[in-house]
Every structure is written in C-alpha cells, then in structure tokens.
$ cat input.cif   # mmCIF, C-alpha atoms
data_work
#
loop_
_atom_site.label_atom_id
_atom_site.label_comp_id
_atom_site.auth_asym_id
_atom_site.auth_seq_id
_atom_site.Cartn_x
_atom_site.Cartn_y
_atom_site.Cartn_z
CA MET G 680 0.00 0.00 0.00
CA GLN G 681 1.35 3.35 -1.04
CA VAL G 682 -0.50 5.49 1.50
CA GLU G 683 1.26 8.80 0.89
CA GLN G 684 1.07 8.50 -2.90
CA ALA G 685 -2.64 7.58 -2.72
CA GLY G 686 -3.18 10.54 -0.41
CA ALA G 687 -1.26 12.97 -2.63
CA PHE G 688 -3.33 11.83 -5.61
CA ILE G 689 -6.73 12.43 -3.96
CA LEU G 690 -5.62 15.69 -2.35
CA ALA G 691 -4.55 17.04 -5.76
CA LYS G 692 -7.90 15.97 -7.20
CA ILE G 693 -9.78 17.69 -4.36
CA LYS G 694 -7.72 20.87 -4.72
CA THR G 695 -8.37 21.15 -8.46
CA GLU G 696 -11.90 19.76 -8.83
CA LEU G 697 -13.85 20.53 -5.64
CA ALA G 698 -16.51 23.24 -5.85
CA ASP G 699 -15.42 26.53 -4.28
CA CYS G 700 -18.33 26.55 -1.83
CA PHE G 701 -16.71 23.86 0.34
CA HIS G 702 -14.80 26.15 2.69
CA TYR G 703 -14.50 23.41 5.34
CA HIS G 704 -14.82 20.02 3.60
CA ASN G 705 -11.73 20.38 1.45
CA ALA G 706 -8.10 19.21 1.20
CA ASP G 707 -7.16 21.08 4.39
CA HIS G 708 -9.81 19.11 6.28
CA ALA G 709 -8.51 15.82 4.86
CA LEU G 710 -5.00 16.70 6.05
CA ASP G 711 -6.38 17.72 9.44
CA VAL G 712 -8.22 14.40 9.85
CA TYR G 713 -5.10 12.55 8.68
CA ALA G 714 -2.98 14.23 11.38
CA ALA G 715 -5.59 13.58 14.08
CA ALA G 716 -6.01 9.94 12.98
CA LYS G 717 -2.25 9.43 13.12
CA GLN G 718 -2.09 10.86 16.65
CA LEU G 719 -5.07 8.84 17.86
CA ALA G 720 -3.78 5.62 16.27
CA ALA G 721 -0.51 6.02 18.16
CA GLY G 722 -2.36 6.75 21.39
CA GLU G 723 -4.61 3.74 20.91
CA GLY G 724 -1.74 1.35 20.05
CA ILE G 725 -2.95 0.48 16.54
CA SER G 726 -0.79 -1.83 14.39
CA GLU G 727 1.18 -0.48 11.44
CA HIS G 728 -1.05 -2.19 8.84
CA ASP G 729 -4.28 -0.97 10.45
CA THR G 730 -2.79 2.51 10.78
CA GLN G 731 -2.09 2.53 7.04
CA LEU G 732 -5.73 1.61 6.33
CA LEU G 733 -6.91 4.29 8.76
CA LEU G 734 -4.72 7.00 7.25
CA THR G 735 -5.87 6.07 3.75
CA ALA G 736 -9.47 6.42 4.93
CA ALA G 737 -8.61 9.81 6.43
CA TYR G 738 -7.32 11.06 3.08
CA TYR G 739 -10.36 9.73 1.19
CA HIS G 740 -13.18 10.10 3.75
CA ASP G 741 -14.71 13.30 2.32
CA SER G 742 -13.51 12.99 -1.27
CA GLY G 743 -17.10 12.16 -2.18
CA PHE G 744 -17.83 15.89 -1.93
CA LEU G 745 -16.40 15.91 -5.47
CA PHE G 746 -19.78 14.42 -6.47
CA GLY G 747 -21.81 16.66 -4.14
CA GLN G 748 -22.79 16.89 -0.51
CA ALA G 749 -25.55 14.26 -0.36
CA ASP G 750 -24.36 10.80 0.67
CA HIS G 751 -20.77 11.90 0.14
CA GLU G 752 -19.44 8.92 2.14
CA THR G 753 -20.65 6.57 -0.60
CA GLY G 754 -18.94 8.81 -3.14
CA SER G 755 -15.77 8.65 -1.06
CA CYS G 756 -15.88 4.86 -1.22
CA LYS G 757 -16.42 5.09 -4.98
CA ASN G 758 -13.19 7.10 -5.22
CA ALA G 759 -11.37 4.61 -2.98
CA ARG G 760 -12.52 1.66 -5.11
CA GLN G 761 -11.58 3.44 -8.33
CA TYR G 762 -8.15 4.81 -7.39
CA LEU G 763 -6.63 2.71 -4.60
CA PRO G 764 -5.85 -0.36 -6.77
CA ASP G 765 -3.38 1.89 -8.63
CA PHE G 766 -1.52 2.35 -5.33
CA GLY G 767 -1.14 -1.31 -4.41
CA TYR G 768 -4.32 -1.88 -2.38
CA ASN G 769 -6.08 -5.22 -2.72
CA GLU G 770 -9.83 -5.71 -2.58
CA ASP G 771 -9.87 -6.68 1.10
CA GLU G 772 -7.86 -3.59 2.06
CA ILE G 773 -10.17 -1.34 0.04
CA ASP G 774 -13.21 -2.93 1.75
CA HIS G 775 -11.62 -2.08 5.11
CA VAL G 776 -10.91 1.49 4.02
CA CYS G 777 -14.54 1.90 2.90
CA ASP G 778 -15.81 0.44 6.16
CA ILE G 779 -13.75 3.03 8.04
CA ILE G 780 -15.01 5.84 5.78
CA MET G 781 -18.67 4.84 6.28
CA ALA G 782 -18.24 5.13 10.07
CA THR G 783 -18.00 8.93 9.65
CA LYS G 784 -21.58 9.23 8.39
CA ILE G 785 -23.60 11.39 10.79
CA PRO G 786 -24.95 10.20 13.16
CA GLN G 787 -21.68 8.37 13.70
CA ASN G 788 -22.08 4.68 14.42
CA PRO G 789 -18.69 2.95 14.23
CA HIS G 790 -18.69 -0.80 14.77
CA ASN G 791 -14.96 -1.31 15.35
CA HIS G 792 -11.92 0.43 16.82
CA LEU G 793 -10.70 1.91 13.52
CA GLY G 794 -14.17 3.32 12.91
CA GLN G 795 -14.11 4.89 16.36
CA ILE G 796 -10.74 6.47 15.66
CA ILE G 797 -11.77 7.98 12.30
CA CYS G 798 -14.93 9.38 13.90
CA ASP G 799 -12.88 11.00 16.65
CA ALA G 800 -10.35 12.29 14.12
CA ASP G 801 -13.09 13.71 11.90
CA LEU G 802 -14.43 15.75 14.82
CA ASP G 803 -11.11 16.31 16.57
CA TYR G 804 -11.42 20.07 16.05
CA LEU G 805 -14.38 20.20 18.45
CA GLY G 806 -11.91 19.98 21.31
CA ARG G 807 -9.02 22.03 19.94
CA ASN G 808 -7.93 25.64 20.20
CA ASP G 809 -8.68 26.28 16.50
CA PHE G 810 -12.33 25.28 16.99
CA PHE G 811 -13.77 28.76 16.39
CA ILE G 812 -11.68 29.32 13.24
CA LEU G 813 -12.78 26.00 11.72
CA SER G 814 -16.35 26.50 12.93
CA LYS G 815 -16.48 29.78 11.02
CA ARG G 816 -15.32 27.99 7.85
CA LEU G 817 -18.02 25.35 8.29
CA PHE G 818 -20.60 28.09 8.90
CA SER G 819 -19.62 29.89 5.67
CA GLU G 820 -19.92 26.58 3.79
CA LEU G 821 -23.33 25.79 5.28
CA VAL G 822 -24.66 29.26 4.43
CA ILE G 823 -24.16 28.27 0.78
CA THR G 824 -24.90 24.54 0.82
CA ASP G 825 -27.65 24.33 3.47
CA HIS G 826 -28.99 27.90 3.31
CA LEU G 827 -28.14 28.50 6.97
CA GLU G 828 -29.59 31.92 7.71
CA SER G 829 -27.72 33.42 10.65
CA GLU G 830 -24.87 33.01 13.08
CA GLN G 831 -27.43 32.60 15.84
CA ALA G 832 -29.01 29.67 14.01
CA TRP G 833 -25.50 28.23 13.61
CA ASP G 834 -24.80 28.67 17.32
CA LYS G 835 -28.01 26.81 18.16
CA GLN G 836 -27.01 23.95 15.83
CA GLN G 837 -23.55 23.82 17.37
CA VAL G 838 -24.89 23.72 20.92
CA LYS G 839 -27.17 20.83 20.06
CA PHE G 840 -24.36 19.01 18.22
CA LEU G 841 -21.82 19.52 21.00
CA GLN G 842 -24.30 18.43 23.67
CA ASN G 843 -24.98 15.18 21.81
CA HIS G 844 -21.41 14.46 20.69
CA ARG G 845 -19.26 11.87 22.49
CA TYR G 846 -15.71 10.90 21.67
CA PHE G 847 -15.27 7.14 21.38
CA THR G 848 -11.60 6.55 22.17
CA GLN G 849 -9.85 7.04 25.48
CA THR G 850 -7.14 9.05 23.72
CA ALA G 851 -9.64 11.55 22.27
CA LEU G 852 -11.48 11.80 25.58
CA ARG G 853 -8.21 12.57 27.34
CA LEU G 854 -6.97 15.05 24.71
CA ARG G 855 -10.15 16.82 23.59
CA ASP G 856 -13.19 16.43 25.85
CA LYS G 857 -12.40 19.17 28.37
CA CYS G 858 -11.75 21.81 25.70
CA LYS G 859 -14.85 20.71 23.74
CA ASN G 860 -16.99 21.32 26.82
CA GLU G 861 -15.41 24.76 27.25
CA HIS G 862 -16.43 25.59 23.68
CA LEU G 863 -19.97 24.44 24.41
CA THR G 864 -20.10 26.75 27.44
CA ALA G 865 -18.77 29.70 25.41
CA ILE G 866 -21.32 29.25 22.61
CA THR G 867 -24.17 28.74 25.09
CA LYS G 868 -23.27 32.05 26.75
CA ARG G 869 -23.50 33.83 23.38
CA LEU G 870 -27.09 32.67 23.00
#

$ encode --input "input.cif" --output "structure tokens"
Amino acid sequence: MQVEQAGAFILAKIKTELADCFHYHNADHALDVYAAAKQLAAGEGISEHDTQLLLTAAYYHDSGFLFGQADHETGSCKNARQYLPDFGYNEDEIDHVCDIIMATKIPQNPHNHLGQIICDADLDYLGRNDFFILSKRLFSELVITDHLESEQAWDKQQVKFLQNHRYFTQTALRLRDKCKNEHLTAITKRL
C-alpha cells in the first residue's frame, strides 16, 4: 500500500476539482483528519497495517464531496474503489478502508476500533484551540450549501451538536473532551 502516494493523488484531485463553496470540507480538512487519525492511532496502540488503512481512509473520507454533498461517504468509497488499486491496495484492504469511511456518516455509528478512531479524528477540532476558526469555515460553507440563515441559528445547531457528541476513544477523551466542553459553554453564553 502506497498510503502517501494515494493521499497525494486524492488531495490534488480535491484541490483542483472541488466546488469553491466547500470552505471546510476540502483538502485542508482531509489533512487535518489525517494528522488527528495518526495521533489517535498512536495513542490507541494500533498496528502499522491498520494505521495505514486508517490513514488512507482519512485522506479519502470526504472525497465524495467531489460528487456533491448528499451521501458523500458513498462517493468517497467510490473514489477509494476506483483509485486505490493503482496504489497497491487489494480488494480486502479497500473494503476495510470503505468500512472506516462509512463510520463517519452522521450520526456516527462505528462498529470497530478503527471506525471509532476515524470518527474521533473527523471531529477532533471540536476539542481544539482552533475550533472557532474551523467552525467559522463550516458556517460559511453551510450558508451556501444548506442555506443556513444566521450566526445565531448556527450557534443553536452547534450547541445541540456539541451536547450530543461523544468521543469514542480514550485518547480523544483525554486530549479533547475538556476543551470541547469549554467551547460548548462559550457558545451557550452567546445565545
């Protein structure tokens, strides 16, 4: 498996072909999820082979936005199935990558440890210091794609999302939960 080459390929495709309205779900987000997945995999003691599958899924997990927002996880798997054989992935490995990708579908419902890690990596920013910067990018995207009408409506959505969100892995809980709850408190005060 040529993880970095497969990642570079899909990142280049995202950078050149993704619609401009995706201010959050873009190549920067894929790289962000990749970095978080790598950190969480190390913290969770994941094997080298499983880490390679996880990192591949991180690169590809939102590439389905190239086909549009609706059911983008399925589109991401379509990209994985089309392109990963060129980078030395066999059918079983691609099935695993797609299984990991599908765990990110909201509401998240991972059924194995790698799925839990990708879910935590996908929403890692909820408990980081750059939360409000990335949240603003997501807001500007949703204004266009979901016709979100105001920052107050966005704050209400975020409060509900943060209240219902739970990290799955012990590493994410340790690294991100406290800060995530501080963000929830800050947004709630604004309302």

$ residues_around --input "input.cif" --residues "Ser814 (chain G)" --least-positions-apart "4" --cutoff "10 Å" --atoms "all atoms listed in the file" --output "PyMOL selection string"
chain G and resi 703+804-805+809-810+818-820+833-834+837

$ residues_around --input "input.cif" --residues "Lys835 (chain G)" --least-positions-apart "5" --cutoff "9 Å" --atoms "only C-alpha atoms" --output "CSV table (one decimal) with C-alpha atoms, in the frame of the given file"
chain,number,residue,atom,x,y,z
G,830,GLU,CA,-24.9,33.0,13.1
G,840,PHE,CA,-24.4,19.0,18.2
G,866,ILE,CA,-21.3,29.2,22.6
G,867,THR,CA,-24.2,28.7,25.1
G,870,LEU,CA,-27.1,32.7,23.0

$ axis_aligned_box --input "input.cif" --around "region 825-841 of chain G" --padding-each-side "6 Å" --output "AutoDock Vina command-line options"
--center_x -25.7 --center_y 26.2 --center_z 12.2 --size_x 19.8 --size_y 26.4 --size_z 29.7

$ resolve_selection --input "input.cif" --expression "the PyMOL selection byres ((chain G and resi 723) around 8)" --output "ChimeraX atom specification"
/G:719-722,724-725,848-850

$ resolve_selection --input "input.cif" --expression "the PyMOL selection byres ((chain G and resi 842) around 12)" --output "list in words"
Leu805, Lys835, Gln836, Gln837, Val838, Lys839, Phe840, Leu841, Asn843, His844, Arg845, Tyr846, Asp856, Lys859, Asn860, Glu861, His862, Leu863, Thr864, Ile866 and Thr867 of chain G

$ resolve_selection --input "input.cif" --expression "the PyMOL selection byres ((chain G and resi 803) around 8)" --output "count of residues only"
12

$ residues_around --input "input.cif" --residues "Phe746 (chain G)" --least-positions-apart "4" --cutoff "9 Å" --atoms "only C-alpha atoms" --output "PyMOL selection string"
chain G and resi 697+742+751+754-755

$ closest_residue --input "input.cif" --among "G:Asp750, G:Leu710, G:Val776, G:Asn808" --to "Cys858 (chain G)" --atoms "all atoms listed in the file"
G:Asn808

$ closest_residue --input "input.cif" --among "G:Gln748, G:Ile797, G:Asp729, G:Ile823" --to "Ala714 (chain G)" --atoms "all atoms listed in the file"
G:Ile797

$ residues_near_point --input "input.cif" --point "(-13.4, 7.4, -1.2)" --cutoff "12 Å" --atoms "only C-alpha atoms" --output "JSON, numbers by chain"
{"G": [685, 686, 688, 689, 690, 692, 693, 709, 735, 736, 737, 738, 739, 740, 741, 742, 743, 744, 745, 746, 750, 751, 752, 753, 754, 755, 756, 757, 758, 759, 760, 761, 762, 763, 773, 774, 775, 776, 777, 778, 779, 780, 781, 783]}

$ write_last_selection --input "input.cif" --atoms "C-alpha atoms" --output "mmCIF file, keeping the file's coordinate frame"
data_model
loop_
_atom_site.group_PDB
_atom_site.id
_atom_site.type_symbol
_atom_site.label_atom_id
_atom_site.label_comp_id
_atom_site.auth_asym_id
_atom_site.auth_seq_id
_atom_site.Cartn_x
_atom_site.Cartn_y
_atom_site.Cartn_z
ATOM 1 C CA ALA G 685 -2.640 7.580 -2.720
ATOM 2 C CA GLY G 686 -3.180 10.540 -0.410
ATOM 3 C CA PHE G 688 -3.330 11.830 -5.610
ATOM 4 C CA ILE G 689 -6.730 12.430 -3.960
ATOM 5 C CA LEU G 690 -5.620 15.690 -2.350
ATOM 6 C CA LYS G 692 -7.900 15.970 -7.200
ATOM 7 C CA ILE G 693 -9.780 17.690 -4.360
ATOM 8 C CA ALA G 709 -8.510 15.820 4.860
ATOM 9 C CA THR G 735 -5.870 6.070 3.750
ATOM 10 C CA ALA G 736 -9.470 6.420 4.930
ATOM 11 C CA ALA G 737 -8.610 9.810 6.430
ATOM 12 C CA TYR G 738 -7.320 11.060 3.080
ATOM 13 C CA TYR G 739 -10.360 9.730 1.190
ATOM 14 C CA HIS G 740 -13.180 10.100 3.750
ATOM 15 C CA ASP G 741 -14.710 13.300 2.320
ATOM 16 C CA SER G 742 -13.510 12.990 -1.270
ATOM 17 C CA GLY G 743 -17.100 12.160 -2.180
ATOM 18 C CA PHE G 744 -17.830 15.890 -1.930
ATOM 19 C CA LEU G 745 -16.400 15.910 -5.470
ATOM 20 C CA PHE G 746 -19.780 14.420 -6.470
ATOM 21 C CA ASP G 750 -24.360 10.800 0.670
ATOM 22 C CA HIS G 751 -20.770 11.900 0.140
ATOM 23 C CA GLU G 752 -19.440 8.920 2.140
ATOM 24 C CA THR G 753 -20.650 6.570 -0.600
ATOM 25 C CA GLY G 754 -18.940 8.810 -3.140
ATOM 26 C CA SER G 755 -15.770 8.650 -1.060
ATOM 27 C CA CYS G 756 -15.880 4.860 -1.220
ATOM 28 C CA LYS G 757 -16.420 5.090 -4.980
ATOM 29 C CA ASN G 758 -13.190 7.100 -5.220
ATOM 30 C CA ALA G 759 -11.370 4.610 -2.980
ATOM 31 C CA ARG G 760 -12.520 1.660 -5.110
ATOM 32 C CA GLN G 761 -11.580 3.440 -8.330
ATOM 33 C CA TYR G 762 -8.150 4.810 -7.390
ATOM 34 C CA LEU G 763 -6.630 2.710 -4.600
ATOM 35 C CA ILE G 773 -10.170 -1.340 0.040
ATOM 36 C CA ASP G 774 -13.210 -2.930 1.750
ATOM 37 C CA HIS G 775 -11.620 -2.080 5.110
ATOM 38 C CA VAL G 776 -10.910 1.490 4.020
ATOM 39 C CA CYS G 777 -14.540 1.900 2.900
ATOM 40 C CA ASP G 778 -15.810 0.440 6.160
ATOM 41 C CA ILE G 779 -13.750 3.030 8.040
ATOM 42 C CA ILE G 780 -15.010 5.840 5.780
ATOM 43 C CA MET G 781 -18.670 4.840 6.280
ATOM 44 C CA THR G 783 -18.000 8.930 9.650
#

$ residues_near_point --input "input.cif" --point "(1.6, 9.8, 3.6)" --cutoff "9 Å" --atoms "all atoms listed in the file" --output "PDB file with C-alpha atoms, keeping the file's coordinate frame"
ATOM      1  CA  GLN G 681       1.350   3.350  -1.040  1.00  0.00           C
ATOM      2  CA  VAL G 682      -0.500   5.490   1.500  1.00  0.00           C
ATOM      3  CA  GLU G 683       1.260   8.800   0.890  1.00  0.00           C
ATOM      4  CA  GLN G 684       1.070   8.500  -2.900  1.00  0.00           C
ATOM      5  CA  ALA G 685      -2.640   7.580  -2.720  1.00  0.00           C
ATOM      6  CA  GLY G 686      -3.180  10.540  -0.410  1.00  0.00           C
ATOM      7  CA  ALA G 687      -1.260  12.970  -2.630  1.00  0.00           C
ATOM      8  CA  TYR G 713      -5.100  12.550   8.680  1.00  0.00           C
ATOM      9  CA  GLN G 731      -2.090   2.530   7.040  1.00  0.00           C
ATOM     10  CA  LEU G 734      -4.720   7.000   7.250  1.00  0.00           C
ATOM     11  CA  THR G 735      -5.870   6.070   3.750  1.00  0.00           C
TER      12      THR G 735
END

$ closest_residue --input "input.cif" --among "G:Leu854, G:Ala691, G:Cys798, G:Thr824" --to "Asn705 (chain G)" --atoms "only C-alpha atoms"
G:Ala691

$ atom_distance --input "input.cif" --atom1 "CA of Met680 (chain G)" --atom2 "CA of Tyr768 (chain G)"
5.3 Å

$ closest_residue --input "input.cif" --among "G:Ala749, G:Leu733, G:Ala782, G:Cys700" --to "Leu821 (chain G)" --atoms "all atoms listed in the file"
G:Cys700

$ atom_distance --input "input.cif" --atom1 "CA of His728 (chain G)" --atom2 "CA of Asp771 (chain G)"
12.6 Å
